[in-house]
$ cat structure.txt   # compact mmCIF, C-alpha atoms and all ligand atoms
# COMPACT_ATOMS: atom_id res chain seq x y z
CA MET A 661 23.08 -1.36 17.91
CA ASN A 662 22.56 2.14 16.63
CA ALA A 663 25.32 2.20 14.05
CA PRO A 664 23.80 3.32 10.75
CA LEU A 665 23.62 0.90 7.84
CA SER A 666 26.25 1.46 5.21
CA LYS A 667 24.74 4.09 2.97
CA ALA A 668 24.81 4.09 -0.75
CA SER A 669 23.69 7.47 -2.03
CA GLY A 670 23.29 8.65 1.58
CA CYS A 671 21.12 11.41 0.23
CA ARG A 672 17.35 11.67 0.46
CA ASP A 673 17.34 14.89 -1.59
CA VAL A 674 17.99 13.08 -4.86
CA PRO A 675 16.65 15.08 -7.83
CA LEU A 676 13.24 13.94 -9.05
CA LEU A 677 12.03 13.80 -12.61
CA LYS A 678 8.52 15.17 -12.03
CA GLU A 679 5.89 14.21 -14.58
CA ARG A 680 2.28 15.29 -14.55
CA GLY A 681 0.82 13.72 -17.67
CA GLN A 682 -1.53 10.84 -18.35
CA ARG A 683 -1.17 7.98 -15.87
CA GLU A 684 -2.12 4.32 -15.87
CA VAL A 685 -3.17 3.24 -12.38
CA PHE A 686 -6.23 1.87 -10.62
CA CYS A 687 -8.32 4.21 -8.45
CA GLY A 688 -8.48 4.21 -4.64
CA LEU A 689 -11.63 2.08 -4.55
CA THR A 690 -9.29 -0.88 -5.09
CA ALA A 691 -8.09 -0.55 -1.48
CA ILE A 692 -11.56 -1.64 -0.30
CA VAL A 693 -10.63 -5.14 -1.54
CA TRP A 694 -8.11 -5.60 1.28
CA LEU A 695 -9.58 -3.17 3.82
CA HIS A 696 -12.96 -4.93 4.03
CA ARG A 697 -11.15 -8.21 4.81
CA LYS A 698 -9.11 -6.54 7.54
CA MET A 699 -11.88 -4.55 9.25
CA GLN A 700 -14.37 -7.22 10.18
CA ASP A 701 -17.23 -5.00 11.41
CA ALA A 702 -16.91 -2.25 8.80
CA PHE A 703 -18.97 -1.59 5.71
CA PHE A 704 -17.67 0.39 2.74
CA LEU A 705 -20.48 2.18 0.92
CA VAL A 706 -19.17 3.61 -2.32
CA VAL A 707 -21.18 6.57 -3.53
CA GLY A 708 -20.56 6.20 -7.21
CA SER A 709 -21.60 4.99 -10.62
CA ARG A 710 -22.20 1.58 -12.15
CA THR A 711 -18.57 1.66 -13.31
CA CYS A 712 -17.45 1.91 -9.67
CA ALA A 713 -19.75 -1.01 -8.75
CA HIS A 714 -18.30 -3.11 -11.57
CA LEU A 715 -14.73 -2.33 -10.57
CA LEU A 716 -15.37 -3.39 -6.98
CA GLN A 717 -17.32 -6.46 -7.92
CA SER A 718 -14.73 -7.73 -10.36
CA ALA A 719 -11.76 -6.89 -8.13
CA ALA A 720 -13.21 -8.17 -4.85
CA GLY A 721 -15.46 -10.91 -6.16
CA VAL A 722 -18.76 -11.89 -4.61
CA MET A 723 -18.92 -12.77 -0.92
CA ILE A 724 -20.84 -16.03 -1.15
CA PHE A 725 -20.62 -17.35 2.40
CA ALA A 726 -20.90 -14.09 4.30
CA GLU A 727 -22.92 -10.89 4.08
CA PRO A 728 -21.01 -8.46 1.85
CA ARG A 729 -19.11 -5.70 3.59
CA PHE A 730 -18.97 -3.35 0.65
CA GLY A 731 -21.53 -2.02 -1.77
CA THR A 732 -22.29 0.87 -4.08
CA ALA A 733 -25.00 3.48 -3.73
CA ILE A 734 -25.47 4.16 -7.43
CA LEU A 735 -25.76 7.77 -8.50
CA GLU A 736 -28.38 7.79 -11.26
CA GLU A 737 -28.66 10.28 -14.09
CA THR A 738 -31.10 12.40 -12.10
CA ASP A 739 -28.52 12.68 -9.29
CA LEU A 740 -25.77 13.55 -11.71
CA ALA A 741 -27.94 16.18 -13.35
CA GLY A 742 -28.68 17.69 -9.92
CA MET A 743 -32.39 16.90 -10.28
CA ALA A 744 -32.63 14.73 -7.16
CA ASP A 745 -31.57 15.36 -3.59
CA ALA A 746 -28.64 12.94 -3.42
CA GLN A 747 -28.15 13.59 0.32
CA ALA A 748 -31.71 12.48 1.09
CA GLU A 749 -31.29 9.40 -1.11
CA LEU A 750 -28.07 8.54 0.66
CA ASP A 751 -29.82 8.81 4.04
CA ARG A 752 -32.47 6.38 2.83
CA GLU A 753 -29.84 3.90 1.58
CA VAL A 754 -27.96 4.05 4.87
CA GLU A 755 -31.19 3.62 6.82
CA LYS A 756 -32.03 0.49 4.81
CA LEU A 757 -28.51 -0.91 5.20
CA LEU A 758 -28.16 -0.34 8.95
CA SER A 759 -31.62 -1.59 9.82
CA ARG A 760 -30.81 -4.85 8.02
CA ARG A 761 -27.24 -5.21 9.31
CA PRO A 762 -26.79 -4.85 13.09
CA ASP A 763 -23.24 -6.27 12.72
CA ILE A 764 -21.99 -3.03 11.09
CA LYS A 765 -20.14 -0.88 13.62
CA ARG A 766 -18.19 1.33 11.22
CA LEU A 767 -19.63 2.73 8.04
CA PHE A 768 -17.32 4.32 5.49
CA LEU A 769 -18.91 6.57 2.89
CA VAL A 770 -16.44 6.34 0.04
CA GLY A 771 -16.32 9.14 -2.50
CA SER A 772 -15.76 8.41 -6.21
CA CYS A 773 -15.18 10.40 -9.41
CA PRO A 774 -18.94 10.92 -9.98
CA SER A 775 -19.66 12.01 -6.39
CA GLU A 776 -16.74 14.44 -6.55
CA VAL A 777 -17.76 15.79 -9.94
CA ILE A 778 -21.26 16.66 -8.65
CA LYS A 779 -19.63 17.93 -5.43
CA LEU A 780 -21.68 15.70 -3.17
CA ASP A 781 -20.54 16.67 0.32
CA LEU A 782 -19.84 13.29 1.97
CA GLU A 783 -18.17 14.92 4.96
CA LYS A 784 -21.43 16.63 5.79
CA ALA A 785 -23.30 13.36 5.21
CA ALA A 786 -20.92 11.45 7.53
CA GLU A 787 -21.35 14.05 10.28
CA ARG A 788 -25.13 13.97 9.97
CA LEU A 789 -25.31 10.16 9.89
CA SER A 790 -22.81 9.76 12.72
CA GLY A 791 -25.01 12.01 14.86
CA LYS A 792 -28.04 9.91 13.97
CA TYR A 793 -26.53 6.43 14.51
CA ALA A 794 -23.98 7.06 17.32
CA PRO A 795 -22.91 5.26 19.43
CA ARG A 796 -23.95 2.09 17.58
CA VAL A 797 -22.28 3.06 14.31
CA ASN A 798 -19.46 5.46 13.55
CA VAL A 799 -19.78 6.99 10.08
CA VAL A 800 -16.64 8.31 8.39
CA ASN A 801 -16.01 9.46 4.82
CA PHE A 802 -12.98 9.28 2.57
CA SER A 803 -12.25 9.56 -1.13
CA GLY A 804 -11.40 6.58 -3.31
CA SER A 805 -11.76 8.44 -6.58
CA GLY A 806 -9.54 8.09 -9.60
CA ILE A 807 -8.92 11.83 -9.39
CA GLU A 808 -6.38 10.97 -6.67
CA THR A 809 -2.95 9.70 -7.63
CA THR A 810 -3.08 5.93 -7.22
CA PHE A 811 -4.97 2.99 -5.74
CA THR A 812 -3.07 2.62 -2.46
CA GLU A 813 -4.18 6.15 -1.58
CA GLY A 814 -7.55 4.56 -0.79
CA GLU A 815 -6.07 2.96 2.34
CA ASP A 816 -4.18 6.13 3.20
CA ALA A 817 -7.34 8.24 2.90
CA CYS A 818 -9.31 5.70 4.99
CA LEU A 819 -6.79 5.61 7.86
CA ALA A 820 -6.28 9.38 7.76
CA ALA A 821 -10.07 9.80 8.08
CA ILE A 822 -10.13 7.61 11.21
CA VAL A 823 -7.37 9.49 13.08
CA PRO A 824 -9.20 12.76 13.93
CA ASP A 825 -11.92 10.80 15.81
CA LEU A 826 -9.50 8.78 17.96
CA PRO A 827 -9.68 9.57 21.67
CA GLU A 828 -6.80 11.41 23.36
CA THR A 829 -4.25 9.60 25.56
CA ASP A 830 -1.11 10.57 27.46
CA GLU A 831 0.13 7.01 27.53
CA ARG A 832 3.56 6.23 26.12
CA GLN A 833 2.72 3.79 23.32
CA LEU A 834 3.45 2.63 19.80
CA ILE A 835 0.96 2.75 16.93
CA VAL A 836 1.83 0.78 13.81
CA ALA A 837 -0.19 2.10 10.87
CA GLY A 838 -0.88 -0.02 7.80
CA ALA A 839 -3.14 -2.96 6.93
CA LEU A 840 -1.18 -6.20 6.80
CA PRO A 841 -2.40 -9.77 6.28
CA ASP A 842 -3.26 -11.27 9.69
CA VAL A 843 -0.42 -13.79 9.63
CA VAL A 844 2.13 -11.06 8.88
CA GLU A 845 0.69 -8.74 11.51
CA ASP A 846 1.02 -11.54 14.07
CA GLN A 847 4.68 -12.05 13.13
CA MET A 848 5.32 -8.32 13.50
CA LEU A 849 3.61 -8.12 16.88
CA GLY A 850 5.49 -11.24 18.02
CA LEU A 851 8.84 -9.62 17.21
CA LEU A 852 7.96 -6.28 18.82
CA LYS A 853 6.64 -7.98 21.96
CA ALA A 854 9.72 -10.21 22.19
CA LEU A 855 11.78 -7.00 22.15
CA GLY A 856 9.75 -5.84 25.16
CA ILE A 857 8.01 -3.03 23.26
CA GLY A 858 4.50 -2.05 24.24
CA PRO A 859 1.73 -1.18 24.50
CA ILE A 860 1.19 -1.49 20.75
CA THR A 861 -1.89 -0.82 18.68
CA VAL A 862 -2.29 -1.43 14.99
CA LEU A 863 -4.26 0.87 12.74
CA PRO A 864 -6.68 -0.20 11.31
CA THR A 865 -8.06 -2.41 14.07
CA THR A 866 -9.98 -5.55 13.17
CA ASN A 867 -12.98 -4.48 15.26
CA ALA A 868 -14.33 -1.09 16.27
CA ASP A 869 -14.27 -1.94 19.98
CA GLU A 870 -10.48 -2.47 20.08
CA PRO A 871 -9.22 0.64 21.84
CA VAL A 872 -6.98 3.01 19.89
CA ALA A 873 -6.06 6.41 21.23
CA VAL A 874 -3.38 8.94 20.31
CA GLY A 875 -1.53 11.80 21.96
CA ALA A 876 1.74 13.59 22.58
CA ASN A 877 3.42 10.49 24.07
CA THR A 878 2.50 8.31 21.11
CA VAL A 879 5.15 7.29 18.64
CA PHE A 880 4.17 5.66 15.40
CA ALA A 881 5.74 3.54 12.71
CA LEU A 882 4.35 2.95 9.24
CA SER A 883 4.31 -0.56 7.81
CA GLN A 884 3.24 0.70 4.37
CA PRO A 885 5.03 3.43 2.43
CA PHE A 886 1.85 4.90 0.95
CA LEU A 887 0.55 6.41 4.18
CA GLY A 888 1.57 10.05 3.73
CA GLU A 889 -1.81 11.52 4.76
CA THR A 890 -2.03 9.15 7.74
CA HIS A 891 1.46 10.30 8.74
CA ALA A 892 0.26 13.92 8.58
CA ALA A 893 -2.96 13.15 10.51
CA LEU A 894 -1.11 11.34 13.32
CA THR A 895 1.48 14.13 13.49
CA ARG A 896 -1.32 16.70 13.80
CA ARG A 897 -2.57 14.73 16.84
CA GLY A 898 0.86 15.15 18.51
CA ALA A 899 2.28 11.69 17.71
CA ARG A 900 5.88 11.40 16.52
CA HIS A 901 6.98 9.33 13.53
CA ILE A 902 9.80 6.79 13.85
CA ALA A 903 11.37 7.15 10.42
CA ALA A 904 12.99 3.99 9.06
CA PRO A 905 13.42 1.95 5.89
CA PHE A 906 10.35 -0.23 5.27
CA PRO A 907 10.30 -3.86 6.47
CA PHE A 908 10.96 -5.54 3.12
CA GLY A 909 13.76 -8.09 3.08
CA GLU A 910 16.17 -8.90 5.89
CA GLU A 911 17.92 -5.56 5.87
CA GLY A 912 14.75 -3.46 5.71
CA THR A 913 13.04 -5.48 8.45
CA THR A 914 16.08 -5.23 10.72
CA ALA A 915 16.41 -1.48 10.13
CA TRP A 916 12.68 -0.94 10.79
CA LEU A 917 12.74 -2.97 14.01
CA ARG A 918 16.03 -1.36 15.07
CA ALA A 919 14.61 2.16 14.78
CA ILE A 920 11.66 1.20 17.02
CA ALA A 921 13.93 -0.71 19.43
CA HIS A 922 16.17 2.36 19.69
CA GLU A 923 13.16 4.55 20.47
CA PHE A 924 12.14 2.19 23.30
CA GLY A 925 15.68 1.78 24.70
CA VAL A 926 16.02 -1.93 23.88
CA SER A 927 19.57 -3.18 24.48
CA GLU A 928 21.75 -4.46 21.67
CA GLU A 929 21.95 -7.82 23.36
CA VAL A 930 18.16 -8.24 23.45
CA PHE A 931 17.84 -6.99 19.88
CA ASP A 932 20.40 -9.48 18.63
CA ARG A 933 18.91 -12.35 20.61
CA VAL A 934 15.39 -11.74 19.27
CA THR A 935 16.34 -11.07 15.65
CA ALA A 936 19.34 -13.35 15.06
CA ALA A 937 17.45 -16.51 14.04
CA PRO A 938 14.79 -14.91 11.78
CA ARG A 939 17.47 -12.67 10.23
CA ASP A 940 19.52 -15.68 9.38
CA ARG A 941 16.50 -17.47 7.90
CA ALA A 942 15.61 -14.40 5.85
CA ARG A 943 19.15 -13.95 4.54
CA ARG A 944 19.34 -17.56 3.45
CA ALA A 945 15.89 -17.44 1.83
CA VAL A 946 16.72 -14.25 -0.09
CA ARG A 947 20.09 -15.63 -1.20
CA GLN A 948 18.43 -18.73 -2.58
CA ALA A 949 15.47 -17.00 -4.24
CA SER A 950 17.40 -14.06 -5.68
CA ASP A 951 19.86 -16.06 -7.75
CA PRO A 952 18.16 -15.22 -11.10
CA LEU A 953 18.11 -11.52 -10.12
CA GLN A 954 21.85 -11.06 -9.55
CA GLY A 955 23.37 -8.59 -12.00
CA LYS A 956 20.03 -7.95 -13.75
CA SER A 957 18.52 -4.50 -14.35
CA VAL A 958 15.06 -3.35 -13.23
CA PHE A 959 12.78 -0.48 -14.31
CA LEU A 960 9.90 0.36 -11.96
CA PHE A 961 6.85 2.22 -13.26
CA PRO A 962 4.92 4.28 -10.68
CA ASP A 963 1.99 2.21 -9.46
CA SER A 964 1.69 0.93 -5.89
CA GLN A 965 3.79 3.53 -3.97
CA LEU A 966 5.98 0.61 -2.82
CA GLU A 967 8.54 1.28 -5.56
CA ILE A 968 11.26 3.07 -3.59
CA PRO A 969 11.49 0.57 -0.71
CA LEU A 970 11.34 -2.30 -3.21
CA ALA A 971 14.12 -0.74 -5.29
CA ARG A 972 16.19 -0.60 -2.11
CA PHE A 973 15.50 -4.30 -1.49
CA LEU A 974 16.22 -5.33 -5.10
CA THR A 975 19.46 -3.35 -5.39
CA ARG A 976 20.93 -4.09 -1.97
CA GLU A 977 19.73 -7.59 -1.18
CA CYS A 978 19.14 -9.12 -4.61
CA GLY A 979 22.06 -7.66 -6.58
CA MET A 980 19.93 -5.83 -9.15
CA ASP A 981 20.73 -2.59 -10.90
CA ALA A 982 17.83 -0.08 -10.83
CA LEU A 983 17.53 2.04 -14.00
CA GLU A 984 14.44 4.06 -13.14
CA VAL A 985 12.44 4.11 -9.92
CA GLY A 986 9.06 5.68 -10.55
CA GLN A 987 6.64 6.39 -7.73
CA PRO A 988 3.23 8.08 -7.98
CA TYR A 989 4.12 10.50 -5.20
CA VAL A 990 7.40 10.84 -3.30
CA HIS A 991 6.95 11.74 0.37
CA ARG A 992 10.53 12.20 1.53
CA ASP A 993 9.66 12.10 5.27
CA VAL A 994 8.23 8.64 4.67
CA VAL A 995 10.54 7.04 2.09
CA GLY A 996 13.68 9.17 2.72
CA PRO A 997 15.46 6.44 4.73
CA ASP A 998 14.98 4.03 1.82
CA ILE A 999 16.16 6.56 -0.77
CA GLU A 1000 19.35 7.11 1.23
CA LEU A 1001 20.21 3.43 0.97
CA ILE A 1002 19.71 3.02 -2.79
CA PRO A 1003 23.02 2.95 -4.66
CA ASP A 1004 23.70 5.94 -6.90
CA GLY A 1005 22.53 5.60 -10.46
CA PRO A 1006 18.77 5.26 -11.03
CA VAL A 1007 16.52 8.05 -12.25
CA PHE A 1008 13.90 8.78 -9.56
CA SER A 1009 10.66 9.87 -11.18
CA GLU A 1010 7.49 11.13 -9.52
CA GLY A 1011 4.08 11.03 -11.18
CA GLN A 1012 3.73 9.85 -14.74
CA ASP A 1013 3.52 10.85 -18.36
CA VAL A 1014 2.91 7.36 -19.59
CA ASP A 1015 3.99 7.75 -23.24
CA LYS A 1016 7.29 9.39 -22.30
CA GLN A 1017 7.93 6.80 -19.63
CA LEU A 1018 7.17 3.94 -22.00
CA GLU A 1019 9.74 5.36 -24.41
CA ARG A 1020 12.34 5.42 -21.62
CA ALA A 1021 11.47 1.82 -20.71
CA ARG A 1022 11.76 0.73 -24.36
CA THR A 1023 15.10 2.50 -24.72
CA SER A 1024 16.62 1.11 -21.54
CA ARG A 1025 15.17 -2.43 -22.07
CA ALA A 1026 15.68 -3.51 -18.48
CA ASP A 1027 15.87 -7.22 -17.74
CA LEU A 1028 12.73 -6.77 -15.60
CA THR A 1029 10.05 -4.09 -15.85
CA VAL A 1030 7.67 -3.70 -12.89
CA CYS A 1031 4.44 -2.05 -14.04
CA GLY A 1032 0.64 -2.00 -13.92
CA LEU A 1033 -1.57 -4.63 -15.52
CA GLY A 1034 -2.44 -2.41 -18.46
CA LEU A 1035 1.16 -1.97 -19.53
CA ALA A 1036 2.47 -5.46 -18.83
CA ASN A 1037 1.04 -7.39 -21.76
CA PRO A 1038 1.99 -4.85 -24.46
CA LEU A 1039 5.52 -4.71 -23.05
CA GLU A 1040 5.72 -8.51 -22.92
CA ALA A 1041 4.68 -8.54 -26.56
CA GLU A 1042 7.63 -6.25 -27.28
CA GLY A 1043 9.96 -8.77 -25.67
CA LEU A 1044 10.32 -7.14 -22.24
CA THR A 1045 9.94 -9.26 -19.10
CA THR A 1046 7.40 -7.76 -16.71
CA LYS A 1047 6.09 -8.09 -13.19
CA TRP A 1048 2.60 -6.88 -12.22
CA ALA A 1049 3.02 -4.27 -9.50
CA ILE A 1050 -0.46 -4.87 -8.04
CA GLU A 1051 0.53 -8.43 -7.10
CA LEU A 1052 2.94 -6.94 -4.58
CA VAL A 1053 0.04 -5.37 -2.70
CA PHE A 1054 -2.04 -8.56 -2.57
CA THR A 1055 0.80 -10.89 -1.54
CA PRO A 1056 2.32 -11.11 1.96
CA ILE A 1057 5.78 -9.56 1.46
CA HIS A 1058 6.66 -7.79 4.74
CA PHE A 1059 9.10 -8.90 7.46
CA TYR A 1060 11.61 -11.71 7.78
CA GLU A 1061 9.50 -14.75 7.00
CA GLN A 1062 8.30 -13.34 3.67
CA ALA A 1063 11.72 -12.02 2.50
CA GLY A 1064 12.48 -15.05 0.36
CA ASP A 1065 8.98 -15.01 -1.17
CA LEU A 1066 9.45 -11.35 -2.05
CA ALA A 1067 12.66 -12.08 -3.95
CA GLY A 1068 10.92 -15.06 -5.54
CA LEU A 1069 8.09 -12.86 -6.87
CA PHE A 1070 10.61 -10.88 -8.93
CA ALA A 1071 12.63 -13.93 -9.91
CA ARG A 1072 9.64 -15.82 -11.31
CA PRO A 1073 9.13 -13.80 -14.53
CA LEU A 1074 12.88 -13.96 -15.28
CA ARG A 1075 12.89 -17.69 -14.79
CA ARG A 1076 9.81 -18.05 -16.98
CA ARG A 1077 11.42 -15.97 -19.72
CA ALA A 1078 14.58 -18.07 -19.56
CA LEU A 1079 12.54 -21.28 -19.86
CA LEU A 1080 10.62 -19.92 -22.82
CA LYS A 1081 13.85 -18.93 -24.52
CA MET A 1082 15.10 -22.49 -24.17
CA ASP A 1083 11.87 -23.94 -25.60
CA ALA A 1084 10.95 -21.40 -28.24
CA PRO A 1085 12.39 -21.31 -31.75
CA GLU A 1086 14.55 -18.25 -32.18
CA GLY A 1087 12.63 -15.04 -32.90
CA SER A 1088 9.26 -16.31 -31.68
CA LEU A 1089 9.24 -14.68 -28.25
CA ALA A 1090 7.73 -11.45 -29.50
CA ASP A 1091 4.61 -13.50 -30.30
CA LEU A 1092 3.90 -14.23 -26.66
CA ARG A 1093 0.64 -12.71 -25.52
CA GLY A 1094 -1.00 -12.52 -22.12
CA ALA A 1095 1.75 -14.38 -20.27
CA ASP A 1096 1.30 -14.78 -16.52
CA THR A 1097 3.71 -12.43 -14.86
S1 LIG A 1101 -13.98 6.03 -8.71
FE1 LIG A 1101 -13.64 6.87 -10.75
S2 LIG A 1101 -11.93 5.67 -11.60
FE2 LIG A 1101 -12.76 4.51 -9.84
S3 LIG A 1101 -14.26 3.10 -10.75
FE3 LIG A 1101 -15.40 4.94 -10.08
S4 LIG A 1101 -15.46 6.25 -11.93
FE4 LIG A 1101 -13.85 4.69 -12.28
$ encode --input "structure.txt" --output "structure tokens"
Amino acid sequence: MNAPLSKASGCRDVPLLKERGQREVFCGLTAIVWLHRKMQDAFFLVVGSRTCAHLLQSAAGVMIFAEPRFGTAILEETDLAGMADAQAELDREVEKLLSRRPDIKRLFLVGSCPSEVIKLDLEKAAERLSGKYAPRVNVVNFSGSGIETTFTEGEDACLAAIVPDLPETDERQLIVAGALPDVVEDQMLGLLKALGIGPITVLPTTNADEPVAVGANTVFALSQPFLGETHAALTRRGARHIAAPFPFGEEGTTAWLRAIAHEFGVSEEVFDRVTAAPRDRARRAVRQASDPLQGKSVFLFPDSQLEIPLARFLTRECGMDALEVGQPYVHRDVVGPDIELIPDGPVFSEGQDVDKQLERARTSRADLTVCGLGLANPLEAEGLTTKWAIELVFTPIHFYEQAGDLAGLFARPLRRRALLKMDAPEGSLADLRGADT
């Protein structure tokens, strides 16, 4: 059971093209869109500007049938000019909110570009407000500002902020960190429990009263590759990371489960019995969905922090050839096992200098370019086929049952392009604008 997967590069120390120029990504506030759905008794109070409020409102929509679980405390010009006591105003806003909403058990004060520019100390505010409202409400702060590297760092910062307050335990246990859609989380827990692994807790929990503790006998696995700070925070609490490729596709899911099974001494026989049927289903689904991807090239811009594990999936399970694999930040302790499995050849880039990277993308003209929303339409207009990276964060793509859908997400734009080529008069494709990717 513990035989390593056949390795391609076999090297996690691949050289990185490091770029620190202008970048085109959403800010960490975006993570509130999925975190507020996951954490049912939490409220995310962004301390920011009207721009921040607009971003959240347009990304998350309006909660019509339920009380909203996110909002923005707007910093007005007097706050920004230092003419008002922003801490006192924040206290008043929180007072109003919590007196109206007894259902809130966790309050996140979320920093933004404006609050960071005026150096509003939200850590101090969280400490003060926690003291005032404990034990009814736990107040924690984290940054979602665009000064950070990319939008998935919002979740990382949120989970990393929770870890220091977790109670201590000596119990031998598994924590799985990363917010997954409920249906996917249930599949994951079903597989781990069938392997006889437990006790298991998932971070973040749906409700504040679900017990999570951490200590020297805790091991943890990450279900999302963007959790570098959470990894560091759990390690500081004495927990040990189970490093593994991420659970995308059949191979990634098997390797991820295998690493945990090995840690908990699960026999090969049990492992095979539990995983054989879903592995088979996943293999067949990927084979069917990945047909248009075979032999095609892919260029991944740095956006979601999922790029390295997805490049591993696309090259090894879907027959693609990766030309460049960009990632906003490369944390080798986290994504090293995926890097090792990627066949030799692609440029690995970290960070972004968007103009230079666009030139490389235009020169290499990959069959599929995975990039942010802002770059997709201009590249489509230049005749490149694109996939919106953010869709990969909002779609269930982890574990066996989603493996075929994951391949299908990448296959769809290629299929669409092929259909358009059949229909369109020669030379007219460059006129396409705003195509759904
Ligand atoms: S946090 Fe910064 S980047 Fe994000 S919406 Fe607010 S001002 Fe814009």
$ axis_aligned_box --input "structure.txt" --around "ligand LIG 1101 (chain A)" --padding-each-side "6 Å" --output "AutoDock Vina command-line options"
--center_x -13.7 --center_y 5.0 --center_z -10.5 --size_x 15.5 --size_y 15.8 --size_z 15.6
$ residues_around --input "structure.txt" --residues "Gly771 (chain A)" --least-positions-apart "4" --cutoff "6 Å" --atoms "only C-alpha atoms" --output "PyMOL selection string"
chain A and resi 707+775+803-804
$ closest_residue --input "structure.txt" --among "A:Glu679, A:Glu787, A:Glu1042, A:Glu808" --to "ligand LIG 1101 (chain A)" --atoms "all atoms listed in the file"
A:Glu808
$ residues_near_ligand --input "structure.txt" --ligand "ligand LIG 1101 (chain A)" --cutoff "12 Å" --atoms "all atoms listed in the file" --output "ChimeraX atom specification"
/A:683-692,706-719,732-735,770-777,802-811,814
$ write_last_selection --input "structure.txt" --atoms "C-alpha atoms" --output "compact mmCIF listing (two decimals), keeping the file's coordinate frame"
# COMPACT_ATOMS: atom_id res chain seq x y z
CA ARG A 683 -1.17 7.98 -15.87
CA GLU A 684 -2.12 4.32 -15.87
CA VAL A 685 -3.17 3.24 -12.38
CA PHE A 686 -6.23 1.87 -10.62
CA CYS A 687 -8.32 4.21 -8.45
CA GLY A 688 -8.48 4.21 -4.64
CA LEU A 689 -11.63 2.08 -4.55
CA THR A 690 -9.29 -0.88 -5.09
CA ALA A 691 -8.09 -0.55 -1.48
CA ILE A 692 -11.56 -1.64 -0.30
CA VAL A 706 -19.17 3.61 -2.32
CA VAL A 707 -21.18 6.57 -3.53
CA GLY A 708 -20.56 6.20 -7.21
CA SER A 709 -21.60 4.99 -10.62
CA ARG A 710 -22.20 1.58 -12.15
CA THR A 711 -18.57 1.66 -13.31
CA CYS A 712 -17.45 1.91 -9.67
CA ALA A 713 -19.75 -1.01 -8.75
CA HIS A 714 -18.30 -3.11 -11.57
CA LEU A 715 -14.73 -2.33 -10.57
CA LEU A 716 -15.37 -3.39 -6.98
CA GLN A 717 -17.32 -6.46 -7.92
CA SER A 718 -14.73 -7.73 -10.36
CA ALA A 719 -11.76 -6.89 -8.13
CA THR A 732 -22.29 0.87 -4.08
CA ALA A 733 -25.00 3.48 -3.73
CA ILE A 734 -25.47 4.16 -7.43
CA LEU A 735 -25.76 7.77 -8.50
CA VAL A 770 -16.44 6.34 0.04
CA GLY A 771 -16.32 9.14 -2.50
CA SER A 772 -15.76 8.41 -6.21
CA CYS A 773 -15.18 10.40 -9.41
CA PRO A 774 -18.94 10.92 -9.98
CA SER A 775 -19.66 12.01 -6.39
CA GLU A 776 -16.74 14.44 -6.55
CA VAL A 777 -17.76 15.79 -9.94
CA PHE A 802 -12.98 9.28 2.57
CA SER A 803 -12.25 9.56 -1.13
CA GLY A 804 -11.40 6.58 -3.31
CA SER A 805 -11.76 8.44 -6.58
CA GLY A 806 -9.54 8.09 -9.60
CA ILE A 807 -8.92 11.83 -9.39
CA GLU A 808 -6.38 10.97 -6.67
CA THR A 809 -2.95 9.70 -7.63
CA THR A 810 -3.08 5.93 -7.22
CA PHE A 811 -4.97 2.99 -5.74
CA GLY A 814 -7.55 4.56 -0.79
$ closest_atom_pairs --input "structure.txt" --of "region 809-927 of chain A" --to "region 967-971 of chain A" --cutoff "8 Å" --atoms "all atoms listed in the file" --output "CSV"
residue,atom,partner,partner_atom,distance
A:Pro885,CA,A:Pro969,CA,7.7
A:Pro905,CA,A:Pro969,CA,7.0
A:Phe906,CA,A:Pro969,CA,6.1
A:Phe908,CA,A:Leu970,CA,7.1
$ closest_residue --input "structure.txt" --among "A:Ala746, A:Ile822, A:Val1030, A:Leu767" --to "His696 (chain A)" --atoms "only C-alpha atoms"
A:Leu767
$ closest_residue --input "structure.txt" --among "A:Thr913, A:Thr866, A:Thr890, A:Gln1062" --to "Asp998 (chain A)" --atoms "all atoms listed in the file"
A:Thr913
$ atom_distance --input "structure.txt" --atom1 "CA of Arg1022 (chain A)" --atom2 "CA of Gly1064 (chain A)"
29.3 Å
$ closest_residue --input "structure.txt" --among "A:Thr1055, A:Gln747, A:Thr1023, A:Gln884" --to "Leu780 (chain A)" --atoms "all atoms listed in the file"
A:Gln747
$ residues_around --input "structure.txt" --residues "Gly1034 (chain A)" --least-positions-apart "6" --cutoff "12 Å" --atoms "all atoms listed in the file" --output "list in words"
Arg683, Glu684, Val685, Phe686, Phe961, Asp963, Val1014, Glu1040, Thr1046, Lys1047, Trp1048, Ala1049, Ile1050 and Gly1094 of chain A
$ closest_residue --input "structure.txt" --among "A:Glu1061, A:Leu849, A:Pro728, A:Gly979" --to "Arg944 (chain A)" --atoms "only C-alpha atoms"
A:Glu1061
$ atom_distance --input "structure.txt" --atom1 "CA of Val693 (chain A)" --atom2 "CA of Ala720 (chain A)"
5.2 Å
